[in-house]
>>> print(open('data_16.csv').read())   # CSV, C-alpha atoms
chain,number,residue,atom,x,y,z
A,1,MET,CA,5.7,58.1,-88.5
A,2,ALA,CA,7.1,55.9,-91.2
A,3,ARG,CA,5.4,53.1,-93.1
A,4,LYS,CA,7.7,50.2,-93.9
A,5,ASP,CA,5.4,47.4,-95.1
A,6,PRO,CA,1.7,47.3,-95.8
A,7,ASN,CA,0.9,45.2,-92.8
A,8,ALA,CA,2.9,47.1,-90.2
A,9,ILE,CA,3.3,50.7,-89.2
A,10,GLN,CA,6.4,51.8,-87.3
A,11,PHE,CA,6.1,54.8,-85.1
A,12,ASP,CA,9.4,56.6,-84.8
A,13,VAL,CA,9.0,59.3,-82.3
A,14,PRO,CA,11.6,62.1,-82.8
A,15,LYS,CA,13.9,62.3,-79.7
A,16,LYS,CA,13.2,65.9,-79.5
A,17,LEU,CA,9.5,65.3,-78.9
A,18,ILE,CA,10.3,62.8,-76.2
A,19,SER,CA,12.7,65.2,-74.5
A,20,GLU,CA,10.1,67.9,-74.6
A,21,LEU,CA,7.6,65.7,-72.9
A,22,VAL,CA,10.1,64.6,-70.3
A,23,GLU,CA,11.0,68.3,-69.6
A,24,THR,CA,7.3,69.2,-69.3
A,25,TYR,CA,6.8,66.5,-66.7
A,26,THR,CA,9.9,66.9,-64.7
A,27,SER,CA,9.6,70.7,-64.6
A,28,ASN,CA,6.3,70.3,-62.7
A,29,ASP,CA,7.5,70.4,-59.2
A,30,ARG,CA,4.2,69.4,-57.7
A,31,LYS,CA,4.0,66.3,-59.9
A,32,MET,CA,7.5,65.3,-59.1
A,33,LYS,CA,7.0,65.7,-55.4
A,34,THR,CA,3.9,63.6,-55.5
A,35,LEU,CA,5.7,60.9,-57.5
A,36,ALA,CA,8.6,61.0,-55.1
A,37,TRP,CA,6.3,60.6,-52.1
A,38,ASP,CA,4.5,57.7,-53.7
A,39,MET,CA,7.8,56.0,-54.4
A,40,LEU,CA,8.9,56.5,-50.8
A,41,ASP,CA,5.6,55.2,-49.6
A,42,GLN,CA,5.9,52.1,-51.9
A,43,ILE,CA,9.4,51.3,-50.6
A,44,ARG,CA,8.3,51.8,-47.0
A,45,THR,CA,5.1,49.7,-47.3
A,46,ARG,CA,6.9,46.9,-49.2
A,47,THR,CA,9.6,46.8,-46.5
A,48,ARG,CA,7.0,46.8,-43.7
A,49,LEU,CA,5.3,43.9,-45.4
A,50,GLY,CA,8.6,42.0,-45.2
A,51,PHE,CA,10.0,42.3,-48.6
A,52,GLY,CA,13.3,43.7,-49.9
A,53,VAL,CA,15.0,44.1,-53.3
A,54,THR,CA,18.0,42.3,-54.7
A,55,ARG,CA,20.6,44.2,-56.7
A,56,THR,CA,19.0,42.8,-59.9
A,57,GLY,CA,15.6,44.4,-58.9
A,58,LYS,CA,13.9,41.2,-57.7
A,59,LYS,CA,11.4,41.4,-54.9
A,60,VAL,CA,12.4,39.0,-52.2
A,61,ARG,CA,11.4,38.2,-48.6
A,62,LEU,CA,13.7,39.9,-46.1
A,63,LYS,CA,16.1,37.5,-44.5
A,64,ARG,CA,14.7,35.9,-41.3
A,65,LEU,CA,15.6,37.2,-37.9
A,66,SER,CA,18.0,35.1,-35.8
A,67,ASN,CA,16.5,33.1,-32.9
A,68,SER,CA,18.5,35.1,-30.4
A,69,TYR,CA,17.3,38.4,-31.7
A,70,LYS,CA,13.7,37.1,-31.7
A,71,ASP,CA,14.1,36.1,-28.1
A,72,GLN,CA,15.5,39.6,-27.4
A,73,ARG,CA,12.4,41.2,-29.0
A,74,LYS,CA,10.2,38.8,-26.9
A,75,GLY,CA,11.9,40.1,-23.8
A,76,LYS,CA,13.5,36.7,-23.0
A,77,VAL,CA,17.0,37.9,-23.1
A,78,ARG,CA,19.0,41.1,-23.4
A,79,PHE,CA,22.6,41.5,-24.6
A,80,PHE,CA,25.2,43.8,-23.1
A,81,THR,CA,28.7,44.6,-24.2
A,82,SER,CA,31.4,44.9,-21.5
A,83,LYS,CA,34.1,47.5,-21.7
A,84,SER,CA,36.4,44.9,-23.1
A,85,GLY,CA,34.0,44.3,-26.0
A,86,HIS,CA,32.7,41.0,-24.7
A,87,VAL,CA,28.9,40.4,-25.4
A,88,TYR,CA,27.1,38.7,-22.6
A,89,PRO,CA,23.4,37.8,-22.3
A,90,ILE,CA,21.1,38.3,-19.4
A,91,LYS,CA,18.2,36.0,-19.5
A,92,ALA,CA,14.7,36.4,-18.0
A,93,ASN,CA,13.3,34.1,-15.4
A,94,ARG,CA,16.4,33.7,-13.5
A,95,ALA,CA,17.8,35.7,-10.6
A,96,VAL,CA,20.4,38.2,-11.4
A,97,SER,CA,23.5,37.0,-9.8
A,98,SER,CA,25.4,40.2,-9.2
A,99,ASN,CA,24.9,43.9,-8.6
A,100,LYS,CA,27.0,44.6,-11.7
A,101,GLU,CA,24.4,42.9,-13.8
A,102,LEU,CA,21.6,44.9,-12.2
A,103,ASP,CA,23.6,48.1,-12.8
A,104,SER,CA,23.9,47.3,-16.4
A,105,LEU,CA,20.1,46.9,-16.6
A,106,GLY,CA,19.7,50.2,-15.0
A,107,ALA,CA,17.9,48.8,-11.9
A,108,SER,CA,17.5,50.9,-8.8
A,109,VAL,CA,19.9,50.5,-5.8
A,110,GLY,CA,17.0,49.0,-3.8
A,111,ALA,CA,16.8,46.1,-6.2
A,112,ARG,CA,20.3,44.8,-5.5
A,113,ALA,CA,20.8,41.1,-5.1
A,114,SER,CA,21.9,41.1,-1.5
A,115,SER,CA,20.1,37.9,-0.3
A,116,LYS,CA,18.5,34.7,-1.7
A,117,ALA,CA,15.0,36.2,-1.0
A,118,ASN,CA,15.9,39.3,-2.8
A,119,ARG,CA,17.1,37.3,-5.8
A,120,LYS,CA,13.5,36.0,-6.4
A,121,ILE,CA,12.2,39.5,-6.4
A,122,ASN,CA,15.0,40.5,-8.7
A,123,ALA,CA,14.0,37.8,-11.2
A,124,SER,CA,10.7,39.6,-11.8
A,125,ILE,CA,12.5,42.9,-11.9
A,126,THR,CA,14.8,41.5,-14.5
A,127,LYS,CA,11.9,40.3,-16.5
A,128,ASN,CA,10.5,43.8,-16.7
A,129,LEU,CA,13.9,45.3,-17.5
A,130,LEU,CA,14.4,42.9,-20.3
A,131,LYS,CA,11.1,43.7,-22.0
A,132,PRO,CA,11.6,46.0,-25.0
A,133,THR,CA,9.5,49.1,-24.2
A,134,HIS,CA,9.9,50.9,-27.5
A,135,LEU,CA,9.0,48.2,-30.0
A,136,ASN,CA,6.8,49.8,-32.7
A,137,LYS,CA,3.2,48.8,-31.7
A,138,GLU,CA,1.8,49.2,-35.2
A,139,HIS,CA,4.3,47.4,-37.4
A,140,ALA,CA,6.6,45.3,-35.3
A,141,THR,CA,6.2,41.8,-34.0
A,142,PRO,CA,9.0,39.8,-32.3
A,143,SER,CA,9.4,37.4,-35.2
A,144,LYS,CA,8.6,39.3,-38.3
A,145,SER,CA,11.5,40.5,-40.4
A,146,ASN,CA,10.4,43.8,-41.7
A,147,LEU,CA,13.2,46.2,-40.6
A,148,THR,CA,11.0,47.6,-37.9
A,149,SER,CA,11.8,47.5,-34.2
A,150,THR,CA,11.2,51.1,-33.1
A,151,GLY,CA,10.2,52.1,-36.7
A,152,SER,CA,12.6,55.0,-36.7
A,153,MET,CA,14.7,53.9,-39.7
A,154,LEU,CA,11.8,53.6,-42.1
A,155,ASN,CA,10.1,56.7,-40.6
A,156,SER,CA,13.3,58.6,-41.4
A,157,LEU,CA,12.9,57.9,-45.1
A,158,THR,CA,12.7,61.2,-46.9
A,159,ARG,CA,12.3,62.4,-50.5
A,160,ARG,CA,13.8,65.4,-52.3
A,161,VAL,CA,13.5,66.7,-55.8
A,162,ILE,CA,16.7,68.3,-57.0
A,163,ASN,CA,17.3,69.4,-60.5
A,164,LYS,CA,14.4,67.4,-61.8
A,165,ARG,CA,15.7,64.3,-60.1
A,166,ILE,CA,14.1,62.4,-57.3
A,167,PHE,CA,16.2,61.3,-54.3
A,168,ILE,CA,14.9,59.0,-51.7
A,169,THR,CA,17.3,58.9,-48.8
A,170,LEU,CA,17.4,58.4,-45.1
A,171,LYS,CA,17.7,61.4,-42.7
A,172,ASN,CA,20.8,61.2,-40.7
A,173,ASN,CA,19.2,61.4,-37.4
A,174,ARG,CA,19.7,59.2,-34.3
A,175,SER,CA,16.9,57.6,-32.3
A,176,THR,CA,16.4,55.3,-29.4
A,177,ASP,CA,16.8,51.6,-29.3
A,178,MET,CA,14.0,49.3,-28.4
A,179,TYR,CA,14.5,49.8,-24.7
A,180,GLY,CA,14.3,53.6,-25.1
A,181,LYS,CA,18.0,54.2,-24.7
A,182,PRO,CA,19.5,56.8,-27.1
A,183,SER,CA,21.1,54.9,-30.0
A,184,LYS,CA,24.5,55.7,-31.4
A,185,MET,CA,23.6,54.5,-34.9
A,186,THR,CA,22.1,56.7,-37.5
A,187,ALA,CA,19.3,55.5,-39.8
A,188,ASN,CA,21.8,55.5,-42.7
A,189,LYS,CA,24.3,53.3,-40.9
A,190,LYS,CA,21.5,50.9,-39.9
A,191,ALA,CA,20.4,50.6,-43.5
A,192,LYS,CA,23.9,49.9,-44.6
A,193,LEU,CA,24.4,47.2,-42.0
A,194,GLN,CA,21.1,45.6,-42.9
A,195,ALA,CA,22.1,45.6,-46.6
A,196,LYS,CA,25.3,43.9,-45.6
A,197,ALA,CA,23.3,41.3,-43.6
A,198,GLY,CA,21.3,40.6,-46.7
A,199,ARG,CA,18.3,42.9,-46.1
A,200,ARG,CA,18.4,45.4,-48.9
A,201,PHE,CA,15.4,47.6,-49.3
A,202,LEU,CA,16.3,51.1,-50.4
A,203,ASP,CA,15.6,50.7,-54.1
A,204,LEU,CA,12.8,50.2,-56.5
A,205,ALA,CA,12.1,46.7,-57.5
A,206,LYS,CA,11.6,46.0,-61.3
A,207,PHE,CA,7.8,45.7,-60.8
A,208,GLU,CA,7.8,49.0,-58.9
A,209,GLN,CA,9.6,50.7,-61.8
A,210,LYS,CA,7.0,49.2,-64.1
A,211,LEU,CA,4.2,50.4,-61.9
A,212,PHE,CA,5.5,54.0,-61.9
A,213,ARG,CA,6.4,53.9,-65.6
A,214,ASP,CA,2.9,52.9,-66.5
A,215,ARG,CA,1.5,55.6,-64.3
A,216,ILE,CA,3.7,58.3,-65.8
A,217,THR,CA,2.8,57.0,-69.3
A,218,LYS,CA,-0.9,57.4,-68.5
A,219,ASP,CA,-0.2,60.9,-67.1
A,220,LEU,CA,1.8,62.0,-70.1
A,221,PHE,CA,-0.8,60.6,-72.6
A,222,LYS,CA,-3.4,62.7,-70.9
A,223,LEU,CA,-1.1,65.7,-70.9
A,224,SER,CA,-0.3,65.3,-74.6
A,225,ASN,CA,-3.9,65.1,-75.5
A,226,ARG,CA,-4.7,68.2,-73.5
A,227,ILE,CA,-1.9,70.1,-75.2
A,228,LEU,CA,-3.1,68.9,-78.6
A,229,SER,CA,-6.7,69.8,-78.0
A,230,LYS,CA,-5.6,73.3,-76.8
A,231,LEU,CA,-3.5,73.7,-80.0
A,232,ASN,CA,-6.4,72.6,-82.1
A,233,LYS,CA,-8.7,75.2,-80.5
A,234,LEU,CA,-6.1,77.9,-81.0
A,235,ASN,CA,-5.7,76.9,-84.7
A,236,LYS,CA,-9.5,77.1,-85.1
A,237,LEU,CA,-9.6,80.5,-83.5
A,238,ASN,CA,-6.8,81.7,-85.8
A,239,GLY,CA,-8.7,80.3,-88.7
A,240,GLY,CA,-6.1,77.7,-89.4
B,1,MET,CA,-0.6,49.7,-77.5
B,2,ILE,CA,-4.1,48.0,-77.5
B,3,ALA,CA,-2.7,45.5,-75.0
B,4,LYS,CA,-1.4,48.3,-72.8
B,5,GLN,CA,-4.9,50.0,-72.8
B,6,ILE,CA,-6.5,46.7,-71.9
B,7,LEU,CA,-4.1,46.1,-69.1
B,8,ASP,CA,-4.7,49.6,-67.9
B,9,PHE,CA,-8.5,49.0,-68.0
B,10,ILE,CA,-8.1,45.8,-65.9
B,11,ARG,CA,-6.0,47.6,-63.4
B,12,VAL,CA,-8.4,50.5,-63.0
B,13,ARG,CA,-11.4,48.1,-62.8
B,14,THR,CA,-9.7,46.0,-60.2
B,15,ASP,CA,-8.8,49.1,-58.2
B,16,LYS,CA,-12.5,49.9,-58.1
B,17,GLY,CA,-13.2,46.5,-56.6
B,18,LYS,CA,-14.8,44.9,-59.7
B,19,ASP,CA,-14.0,41.5,-61.2
B,20,LYS,CA,-13.8,40.6,-64.9
B,21,ASP,CA,-17.6,40.6,-65.2
B,22,ASN,CA,-17.8,44.0,-63.4
B,23,LYS,CA,-19.2,42.3,-60.3
B,24,ASP,CA,-18.0,43.3,-56.8
B,25,PHE,CA,-15.2,41.1,-55.4
B,26,VAL,CA,-16.0,39.1,-52.4
B,27,GLY,CA,-15.0,41.1,-49.3
B,28,TYR,CA,-11.9,40.6,-47.2
B,29,SER,CA,-12.1,38.2,-44.2
B,30,ASP,CA,-12.4,39.8,-40.8
B,31,ALA,CA,-9.2,38.1,-39.7
B,32,TYR,CA,-7.3,39.8,-42.6
B,33,LYS,CA,-9.0,43.1,-41.9
B,34,ARG,CA,-7.7,42.9,-38.3
B,35,SER,CA,-4.1,42.0,-39.4
B,36,ARG,CA,-1.1,44.3,-39.3
B,37,ASP,CA,-0.4,43.7,-43.0
B,38,PHE,CA,-3.9,45.0,-43.8
B,39,LYS,CA,-3.1,48.3,-42.0
B,40,THR,CA,0.5,48.5,-43.3
B,41,ALA,CA,-0.7,48.2,-46.9
B,42,HIS,CA,-3.2,51.1,-46.3
B,43,LYS,CA,-6.0,48.8,-47.3
B,44,THR,CA,-9.7,49.7,-46.9
B,45,SER,CA,-12.7,47.4,-47.0
B,46,ARG,CA,-12.8,47.9,-50.8
B,47,VAL,CA,-11.1,44.9,-52.3
B,48,ASN,CA,-8.5,46.0,-54.8
B,49,LEU,CA,-6.0,43.1,-54.7
B,50,LYS,CA,-3.2,45.6,-53.9
B,51,SER,CA,-0.9,44.8,-51.1
B,52,THR,CA,2.6,45.1,-52.5
B,53,LYS,CA,1.0,46.1,-55.9
B,54,GLU,CA,3.1,43.5,-57.6
B,55,MET,CA,0.3,41.4,-58.9
B,56,MET,CA,-1.2,44.3,-60.9
B,57,ALA,CA,2.2,45.7,-62.0
B,58,GLU,CA,3.4,42.3,-63.4
B,59,LEU,CA,0.3,41.7,-65.5
B,60,ASP,CA,1.6,41.9,-69.0
B,61,LEU,CA,1.2,41.1,-72.7
B,62,LEU,CA,2.4,37.6,-73.2
B,63,ARG,CA,1.7,36.9,-76.9
B,64,GLN,CA,0.3,38.8,-79.9
B,65,VAL,CA,-0.7,37.4,-83.2
B,66,SER,CA,-2.8,39.0,-85.9
B,67,GLY,CA,-6.2,39.6,-84.4
B,68,SER,CA,-5.5,38.3,-80.9
B,69,ILE,CA,-3.5,39.2,-77.8
B,70,THR,CA,-2.8,37.1,-74.7
B,71,ILE,CA,-2.2,38.8,-71.4
B,72,GLY,CA,-1.2,37.2,-68.1
B,73,TYR,CA,1.9,36.4,-66.0
B,74,ASP,CA,5.3,35.1,-66.8
B,75,LYS,CA,5.3,31.3,-66.2
B,76,GLU,CA,8.7,31.4,-64.6
B,77,ASP,CA,7.5,33.4,-61.6
B,78,ILE,CA,6.1,30.5,-59.7
B,79,ASP,CA,5.3,32.5,-56.5
B,80,LEU,CA,3.4,35.2,-58.3
B,81,ASN,CA,1.5,32.6,-60.4
B,82,GLY,CA,0.5,30.9,-57.2
B,83,LYS,CA,-0.7,34.1,-55.8
B,84,VAL,CA,-2.7,34.9,-58.9
B,85,GLU,CA,-4.3,31.4,-59.0
B,86,GLY,CA,-5.1,31.7,-55.3
B,87,ASN,CA,-6.9,34.9,-55.9
B,88,ARG,CA,-8.7,33.9,-59.0
B,89,LEU,CA,-9.9,30.5,-57.7
B,90,GLY,CA,-10.1,31.4,-54.0
B,91,THR,CA,-7.8,28.6,-53.1
B,92,TYR,CA,-5.0,30.6,-51.4
B,93,GLY,CA,-2.6,27.7,-51.0
B,94,ASN,CA,-5.2,25.1,-50.5
B,95,LYS,CA,-6.3,22.3,-53.0
B,96,LYS,CA,-9.9,23.4,-52.9
B,97,PRO,CA,-11.3,26.9,-52.8
B,98,VAL,CA,-11.7,28.3,-49.3
B,99,VAL,CA,-13.5,31.4,-50.4
B,100,LYS,CA,-15.2,32.6,-53.6
B,101,GLY,CA,-12.5,33.5,-56.1
B,102,ARG,CA,-11.6,37.1,-57.1
B,103,ASP,CA,-11.2,36.6,-60.8
B,104,PHE,CA,-9.8,39.8,-62.3
B,105,LEU,CA,-8.2,38.4,-65.5
B,106,GLY,CA,-10.5,39.1,-68.4
B,107,ILE,CA,-12.7,41.7,-70.0
B,108,THR,CA,-16.3,41.8,-71.2
B,109,ASP,CA,-17.1,42.3,-74.9
B,110,LYS,CA,-18.7,45.6,-74.0
B,111,ASP,CA,-15.6,46.9,-72.2
B,112,LEU,CA,-13.3,45.6,-74.9
B,113,LYS,CA,-15.3,47.7,-77.4
B,114,LYS,CA,-14.9,50.7,-75.2
B,115,VAL,CA,-11.1,50.2,-75.2
B,116,LEU,CA,-11.0,49.6,-78.9
B,117,LYS,CA,-12.8,52.9,-79.5
B,118,MET,CA,-9.5,54.5,-79.0
B,119,PHE,CA,-8.1,52.8,-82.1
B,120,PRO,CA,-10.9,53.0,-84.6
B,121,LEU,CA,-10.3,51.0,-87.8
B,122,ASN,CA,-12.4,53.4,-89.9
B,123,ASN,CA,-10.4,56.4,-88.8
B,124,ASP,CA,-6.7,56.1,-89.6
B,125,LYS,CA,-5.9,59.6,-88.4
B,126,LYS,CA,-7.3,59.2,-84.9
B,127,ARG,CA,-5.9,55.7,-84.5
B,128,GLU,CA,-2.4,56.7,-85.6
B,129,LYS,CA,-2.5,59.8,-83.5
B,130,ASN,CA,-3.4,57.9,-80.4
B,131,VAL,CA,-0.8,55.2,-81.0
B,132,PHE,CA,1.8,57.9,-81.7
B,133,GLU,CA,1.0,59.8,-78.5
B,134,LEU,CA,1.0,56.5,-76.5
B,135,VAL,CA,4.4,55.5,-77.9
B,136,LYS,CA,5.7,59.0,-77.1
B,137,ALA,CA,4.4,58.9,-73.6
B,138,ALA,CA,5.8,55.5,-73.0
B,139,ALA,CA,9.2,56.5,-74.2
B,140,ALA,CA,9.2,59.6,-72.1
B,141,ALA,CA,8.1,57.7,-69.0
B,142,GLY,CA,10.9,55.2,-69.6
B,143,GLU,CA,13.4,58.0,-69.6
B,144,ILE,CA,12.0,59.5,-66.4
B,145,ILE,CA,12.1,56.2,-64.5
B,146,GLY,CA,15.2,54.9,-66.2
B,147,GLY,CA,17.1,57.8,-64.8
B,148,ALA,CA,18.7,58.9,-68.1
B,149,ALA,CA,19.0,62.6,-68.5
B,150,THR,CA,16.3,63.7,-66.0
B,151,GLY,CA,15.6,60.5,-64.2
B,152,THR,CA,14.8,59.3,-60.8
B,153,VAL,CA,17.4,58.2,-58.3
B,154,VAL,CA,16.8,56.1,-55.3
B,155,ARG,CA,19.9,56.2,-53.2
B,156,ASN,CA,21.6,52.9,-53.4
B,157,GLN,CA,22.1,51.1,-50.1
B,158,GLY,CA,25.4,49.5,-51.0
>>> encode(input="data_16.csv", output="structure tokens")
Amino acid sequence: MARKDPNAIQFDVPKKLISELVETYTSNDRKMKTLAWDMLDQIRTRTRLGFGVTRTGKKVRLKRLSNSYKDQRKGKVRFFTSKSGHVYPIKANRAVSSNKELDSLGASVGARASSKANRKINASITKNLLKPTHLNKEHATPSKSNLTSTGSMLNSLTRRVINKRIFITLKNNRSTDMYGKPSKMTANKKAKLQAKAGRRFLDLAKFEQKLFRDRITKDLFKLSNRILSKLNKLNKLNGG
Amino acid sequence: MIAKQILDFIRVRTDKGKDKDNKDFVGYSDAYKRSRDFKTAHKTSRVNLKSTKEMMAELDLLRQVSGSITIGYDKEDIDLNGKVEGNRLGTYGNKKPVVKGRDFLGITDKDLKKVLKMFPLNNDKKREKNVFELVKAAAAAGEIIGGAATGTVVRNQG
């Protein structure tokens, strides 16, 4: 502590004392794991509420979903890619015109569009086949942009504490798409594509950093006081 | 440091569901309780004004002059100021209040005295010790979160 003028006191904390305190905190594995878990939960909750983070650390609403994707989530349309790479939609409320289309929807052989009468039946079959069966019931709605369709990407967020550092990453596992079909994309790849599309979420916003900084400050202040009172007691016992 | 302690006091009090006069906040509406956002934010019927936690985190010291401090929100953040106003006045985007406000900004004299006990004017040693420890804790917390030597890393998404 150094007094510079009579109306102000400047507190210069030696770097060593700060480093010691950092070391004490980060060496506590349980504390670090809890902190990591709370960070992960904060990122996941914020994202599910529909907010992402810019590179500058600003909290922003996640970019809206496109109308065609909203329709897909509502079960009005489903997109398929042909072998040549051409993407074609199959819309609900219309008869499927060819057996090929029914095949791509995974319909049974009995549902083939062989006659006009059958086509009407097929229309209702198509409606069912277009309906996403694996949309996350708890957190996903057709229109809300919150990076949740099946929920697998945000559920695969994981935290690790290695060498006193916290890593919040995505597990590299694959899941199913919203129709229950096995997906080729890993959670990591999905997150990268979403970031490219303007939906960046895997980071702490500035306000979140402040939130955790304040929490740690409080923890450390309590810790320091505990250490000091223990030292005082020891001094008294030793007659100091 | 006094401001930090006052901010902390307000955050803890709000988390307990109490307003600036230590009275219970008016409860959440049934429609909000039924909403997905309510469940997503792990909320309970105790009103703690924490959904994204931004409102409490961004509460900050705005000005300090001898004998007085002002706390509040950065004027430039229009969205956040609107949210705070909506909560305090109960307007929530309307011109007139639609529910009783949840005013969390402020502190009673009694509570202020409690906070100031940490920094007694008649005990230089205790006051300086507390400030020193707080400065030290804040610096260490900054290093931990800042990711300097032992910091925290959230994998960047590109």
>>> interface_residues(input="data_16.csv", of="chain A", to="chain B", cutoff="9 Å", atoms="all atoms listed in the file", output="number ranges by chain")
A: 1, 11-14, 17-23, 25-26, 36, 42, 45-46, 48-49, 51, 59, 138-140, 163-170, 188, 191-192, 195-196, 200-204, 207-221, 224-225
>>> residues_around(input="data_16.csv", residues="Phe104 of chain B", least_positions_apart="3", cutoff="7 Å", atoms="only C-alpha atoms", output="mmCIF file with C-alpha atoms, in the coordinates of the input")
data_model
loop_
_atom_site.group_PDB
_atom_site.id
_atom_site.type_symbol
_atom_site.label_atom_id
_atom_site.label_comp_id
_atom_site.auth_asym_id
_atom_site.auth_seq_id
_atom_site.Cartn_x
_atom_site.Cartn_y
_atom_site.Cartn_z
ATOM 1 C CA THR B 14 -9.700 46.000 -60.200
ATOM 2 C CA ASP B 19 -14.000 41.500 -61.200
ATOM 3 C CA LYS B 20 -13.800 40.600 -64.900
ATOM 4 C CA ARG B 88 -8.700 33.900 -59.000
#
>>> atom_distance(input="data_16.csv", atom1="atom CA of Leu89 of chain B", atom2="atom CA of Gly101 of chain B")
4.3 Å
>>> atom_distance(input="data_16.csv", atom1="atom CA of Asn238 of chain A", atom2="atom CA of Met118 of chain B")
28.2 Å
>>> atom_distance(input="data_16.csv", atom1="atom CA of Asn146 of chain A", atom2="atom CA of Gln194 of chain A")
10.9 Å
>>> residues_near_point(input="data_16.csv", point="(19.5, 57.3, -41.0)", cutoff="6 Å", atoms="only C-alpha atoms", output="PDB file with C-alpha atoms, in the frame of the given file")
ATOM      1  CA  LEU A 170      17.400  58.400 -45.100  1.00  0.00           C
ATOM      2  CA  LYS A 171      17.700  61.400 -42.700  1.00  0.00           C
ATOM      3  CA  ASN A 172      20.800  61.200 -40.700  1.00  0.00           C
ATOM      4  CA  ASN A 173      19.200  61.400 -37.400  1.00  0.00           C
ATOM      5  CA  THR A 186      22.100  56.700 -37.500  1.00  0.00           C
ATOM      6  CA  ALA A 187      19.300  55.500 -39.800  1.00  0.00           C
ATOM      7  CA  ASN A 188      21.800  55.500 -42.700  1.00  0.00           C
TER       8      ASN A 188
END
>>> residues_around(input="data_16.csv", residues="Val99 of chain B", least_positions_apart="6", cutoff="12 Å", atoms="only C-alpha atoms", output="ChimeraX atom specification")
/B:25-29,86-93
>>> residues_around(input="data_16.csv", residues="Tyr88 of chain A", least_positions_apart="2", cutoff="12 Å", atoms="only C-alpha atoms", output="list in words")
Val77, Arg78, Phe79, Phe80, Thr81, Ser82, Lys83, Ser84, Gly85, His86, Ile90, Lys91, Glu101 and Ser104 of chain A
>>> residues_around(input="data_16.csv", residues="segment 16-18 of chain B", least_positions_apart="4", cutoff="9 Å", atoms="only C-alpha atoms", output="number ranges by chain")
B: 11-12, 22-26, 46-49, 102, 104
>>> write_last_selection(input="data_16.csv", atoms="C-alpha atoms", output="PDB file, keeping the file's coordinate frame")
ATOM      1  CA  ARG B  11      -6.000  47.600 -63.400  1.00  0.00           C
ATOM      2  CA  VAL B  12      -8.400  50.500 -63.000  1.00  0.00           C
ATOM      3  CA  ASN B  22     -17.800  44.000 -63.400  1.00  0.00           C
ATOM      4  CA  LYS B  23     -19.200  42.300 -60.300  1.00  0.00           C
ATOM      5  CA  ASP B  24     -18.000  43.300 -56.800  1.00  0.00           C
ATOM      6  CA  PHE B  25     -15.200  41.100 -55.400  1.00  0.00           C
ATOM      7  CA  VAL B  26     -16.000  39.100 -52.400  1.00  0.00           C
ATOM      8  CA  ARG B  46     -12.800  47.900 -50.800  1.00  0.00           C
ATOM      9  CA  VAL B  47     -11.100  44.900 -52.300  1.00  0.00           C
ATOM     10  CA  ASN B  48      -8.500  46.000 -54.800  1.00  0.00           C
ATOM     11  CA  LEU B  49      -6.000  43.100 -54.700  1.00  0.00           C
ATOM     12  CA  ARG B 102     -11.600  37.100 -57.100  1.00  0.00           C
ATOM     13  CA  PHE B 104      -9.800  39.800 -62.300  1.00  0.00           C
TER      14      PHE B 104
END
>>> closest_residue(input="data_16.csv", among="A:Asn67, A:Gln72, A:Ser175, A:Ser27", to="Val161 of chain A", atoms="all atoms listed in the file")
A:Ser27
>>> build_atoms(input="data_16.csv", residues="segment 214-224 of chain A", atoms="N, CA and C atoms", output="mmCIF file, in the frame of the given file")
data_model
loop_
_atom_site.group_PDB
_atom_site.id
_atom_site.type_symbol
_atom_site.label_atom_id
_atom_site.label_comp_id
_atom_site.auth_asym_id
_atom_site.auth_seq_id
_atom_site.Cartn_x
_atom_site.Cartn_y
_atom_site.Cartn_z
ATOM 1 N N ASP A 214 4.232 52.922 -65.911
ATOM 2 C CA ASP A 214 2.900 52.900 -66.500
ATOM 3 C C ASP A 214 2.044 54.062 -66.020
ATOM 4 N N ARG A 215 2.239 54.435 -64.783
ATOM 5 C CA ARG A 215 1.500 55.600 -64.300
ATOM 6 C C ARG A 215 1.878 56.863 -64.973
ATOM 7 N N ILE A 216 3.184 57.037 -65.170
ATOM 8 C CA ILE A 216 3.700 58.300 -65.800
ATOM 9 C C ILE A 216 3.197 58.255 -67.312
ATOM 10 N N THR A 217 3.246 57.074 -67.945
ATOM 11 C CA THR A 217 2.800 57.000 -69.300
ATOM 12 C C THR A 217 1.343 57.487 -69.442
ATOM 13 N N LYS A 218 0.527 57.034 -68.505
ATOM 14 C CA LYS A 218 -0.900 57.400 -68.500
ATOM 15 C C LYS A 218 -1.015 58.957 -68.323
ATOM 16 N N ASP A 219 -0.251 59.470 -67.377
ATOM 17 C CA ASP A 219 -0.200 60.900 -67.100
ATOM 18 C C ASP A 219 0.159 61.702 -68.359
ATOM 19 N N LEU A 220 1.245 61.229 -68.991
ATOM 20 C CA LEU A 220 1.800 62.000 -70.100
ATOM 21 C C LEU A 220 0.855 61.884 -71.346
ATOM 22 N N PHE A 221 0.193 60.744 -71.492
ATOM 23 C CA PHE A 221 -0.800 60.600 -72.600
ATOM 24 C C PHE A 221 -1.893 61.605 -72.444
ATOM 25 N N LYS A 222 -2.374 61.724 -71.209
ATOM 26 C CA LYS A 222 -3.400 62.700 -70.900
ATOM 27 C C LYS A 222 -2.946 64.109 -71.197
ATOM 28 N N LEU A 223 -1.717 64.358 -70.734
ATOM 29 C CA LEU A 223 -1.100 65.700 -70.900
ATOM 30 C C LEU A 223 -0.961 66.038 -72.374
ATOM 31 N N SER A 224 -0.448 65.094 -73.156
ATOM 32 C CA SER A 224 -0.300 65.300 -74.600
ATOM 33 C C SER A 224 -1.589 65.648 -75.257
#
